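One structure is given here, and the rest of the page talks about it.
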Amino acid sequence: MCVGTSCYLKGSYNLLQRLLELAKEHDLQDRVSIGATFCLEKCSLGPNIRINDEVISGVTEQNVKEIFENHVLAKL
Ligand code: FES
């Protein structure tokens with residue numbers, strides 16, 4: 001999860017915490033690596049997350065669970 005200034009100001013830290021919670025809820029702490037990253041150079045579209053090599057923009061409290069399900073859970 002990008003925690004560069006722009007994404008951070010749009011709530012990315014809380015989104016990162018939510019992702020960590022989702023991983024824990026699904027007992028995936030040992031199977032996925034979730035962390036903070038610096039600017040992904042798509043600031044105006046943020047908050048941004050990179051999952052493997054794909055950058056997903058516009059992450060919100062409303063869609064973060066769906067993104068986790070579709071881009072993490074579905075690919076395990
Ligand atoms: S601060 Fe997140 S993409 Fe630049």
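Lettering and numbering for the structure tokens are positional, with chains as A, B, ... in the shown order, residues counted from 1 in each chain, and ligands counted from 1 in the shown order.
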Could the residues of chain A that have an atom at most 10 Å from ligand 1 be listed as CSV, each with its closest atom pair and the distance in Å to one decimal, counting only C-alpha atoms and all ligand atoms and ordered by chain and ascending residue number?
residue,atom,partner,partner_atom_place_in_ligand_line,distance
A:Met1,CA,ligand 1,2 (Fe),8.1
A:Cys2,CA,ligand 1,2 (Fe),4.7
A:Val3,CA,ligand 1,2 (Fe),5.9
A:Gly4,CA,ligand 1,1 (S),3.6
A:Thr5,CA,ligand 1,1 (S),4.9
A:Ser6,CA,ligand 1,1 (S),4.2
A:Cys7,CA,ligand 1,2 (Fe),4.2
A:Tyr8,CA,ligand 1,1 (S),6.8
A:Leu9,CA,ligand 1,1 (S),8.6
A:Lys10,CA,ligand 1,2 (Fe),9.1
A:Ser12,CA,ligand 1,2 (Fe),8.3
A:Thr37,CA,ligand 1,2 (Fe),8.4
A:Phe38,CA,ligand 1,1 (S),6.8
A:Cys39,CA,ligand 1,4 (Fe),3.8
A:Leu40,CA,ligand 1,3 (S),3.9
A:Glu41,CA,ligand 1,3 (S),4.4
A:Lys42,CA,ligand 1,3 (S),4.1
A:Cys43,CA,ligand 1,4 (Fe),3.6
A:Ser44,CA,ligand 1,3 (S),7.2
A:Leu45,CA,ligand 1,3 (S),7.3
A:Gly46,CA,ligand 1,2 (Fe),5.7
A:Pro47,CA,ligand 1,2 (Fe),5.9
A:Asn48,CA,ligand 1,2 (Fe),5.6
A:Ile49,CA,ligand 1,2 (Fe),8.1
A:Arg50,CA,ligand 1,3 (S),9.8
A:Val55,CA,ligand 1,3 (S),9.3
A:Ser57,CA,ligand 1,3 (S),8.5
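Between A:Ser33 and the residues A:Val72, A:Ile67, A:Glu61, A:Ile56, the shortest atom-to-atom distance, using only C-alpha atoms, involves A:Val72.
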| strand (DSSP E) per DSSP on the backbone: members of chain A, as a PyMOL selection string | chain A and resi 49-51+54-56
| Which of stretch 15-44 of chain A DSSP labels helix (DSSP H, G or I), written as a PyMOL selection string | chain A and resi 15-25+43-44
Store the residues picked out above, limited to N, CA and C atoms, as a PDB file, in the first residue's frame.
ATOM      1  N   LEU A  15      -6.205   2.196   5.269  1.00  0.00           N
ATOM      2  CA  LEU A  15      -6.454   1.118   4.307  1.00  0.00           C
ATOM      3  C   LEU A  15      -5.444  -0.007   4.494  1.00  0.00           C
ATOM      4  N   LEU A  16      -4.215   0.359   4.775  1.00  0.00           N
ATOM      5  CA  LEU A  16      -3.191  -0.652   5.041  1.00  0.00           C
ATOM      6  C   LEU A  16      -3.572  -1.476   6.275  1.00  0.00           C
ATOM      7  N   GLN A  17      -4.046  -0.798   7.302  1.00  0.00           N
ATOM      8  CA  GLN A  17      -4.478  -1.520   8.499  1.00  0.00           C
ATOM      9  C   GLN A  17      -5.636  -2.465   8.176  1.00  0.00           C
ATOM     10  N   ARG A  18      -6.527  -2.008   7.332  1.00  0.00           N
ATOM     11  CA  ARG A  18      -7.675  -2.840   6.939  1.00  0.00           C
ATOM     12  C   ARG A  18      -7.201  -4.082   6.167  1.00  0.00           C
ATOM     13  N   LEU A  19      -6.225  -3.910   5.308  1.00  0.00           N
ATOM     14  CA  LEU A  19      -5.677  -5.051   4.563  1.00  0.00           C
ATOM     15  C   LEU A  19      -5.040  -6.059   5.512  1.00  0.00           C
ATOM     16  N   LEU A  20      -4.340  -5.568   6.499  1.00  0.00           N
ATOM     17  CA  LEU A  20      -3.714  -6.463   7.481  1.00  0.00           C
ATOM     18  C   LEU A  20      -4.794  -7.229   8.247  1.00  0.00           C
ATOM     19  N   GLU A  21      -5.881  -6.535   8.581  1.00  0.00           N
ATOM     20  CA  GLU A  21      -7.001  -7.199   9.260  1.00  0.00           C
ATOM     21  C   GLU A  21      -7.612  -8.282   8.379  1.00  0.00           C
ATOM     22  N   LEU A  22      -7.798  -7.955   7.103  1.00  0.00           N
ATOM     23  CA  LEU A  22      -8.397  -8.929   6.182  1.00  0.00           C
ATOM     24  C   LEU A  22      -7.507 -10.167   6.066  1.00  0.00           C
ATOM     25  N   ALA A  23      -6.206  -9.968   5.981  1.00  0.00           N
ATOM     26  CA  ALA A  23      -5.286 -11.105   5.901  1.00  0.00           C
ATOM     27  C   ALA A  23      -5.398 -11.961   7.157  1.00  0.00           C
ATOM     28  N   LYS A  24      -5.525 -11.304   8.298  1.00  0.00           N
ATOM     29  CA  LYS A  24      -5.648 -12.029   9.556  1.00  0.00           C
ATOM     30  C   LYS A  24      -6.975 -12.783   9.623  1.00  0.00           C
ATOM     31  N   GLU A  25      -8.046 -12.117   9.192  1.00  0.00           N
ATOM     32  CA  GLU A  25      -9.367 -12.772   9.197  1.00  0.00           C
ATOM     33  C   GLU A  25      -9.358 -14.046   8.367  1.00  0.00           C
ATOM     34  N   CYS A  43       0.015   9.479  -8.068  1.00  0.00           N
ATOM     35  CA  CYS A  43      -0.537  10.190  -6.916  1.00  0.00           C
ATOM     36  C   CYS A  43      -1.951  10.706  -7.140  1.00  0.00           C
ATOM     37  N   SER A  44      -2.211  11.265  -8.288  1.00  0.00           N
ATOM     38  CA  SER A  44      -3.521  11.884  -8.502  1.00  0.00           C
ATOM     39  C   SER A  44      -4.647  10.858  -8.527  1.00  0.00           C
TER      40      SER A  44
END
| Two-atom distance - atom CA of A:His71, atom CA of A:Ile51 (Å) |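 Going from atom CA of A:His71 over to atom CA of A:Ile51, I get 7.2 Å.
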| field | Interatomic distance, atom CA of A:Lys75 to atom CA of A:Gly11 (Å, one decimal) | value |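 These two atoms are separated by 25.8 Å.
Among the candidates A:Asp53, A:Glu69, A:Thr60, A:Tyr13, the one nearest to A:Gly35 when counting only C-alpha atoms is A:Tyr13.
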| field | One-decimal distance in Å that lies between atom CA of A:His26 and atom CA of A:Gly58 | value |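 Separating atom CA of A:Gly58 from atom CA of A:His26 is a distance of 23.4 Å.
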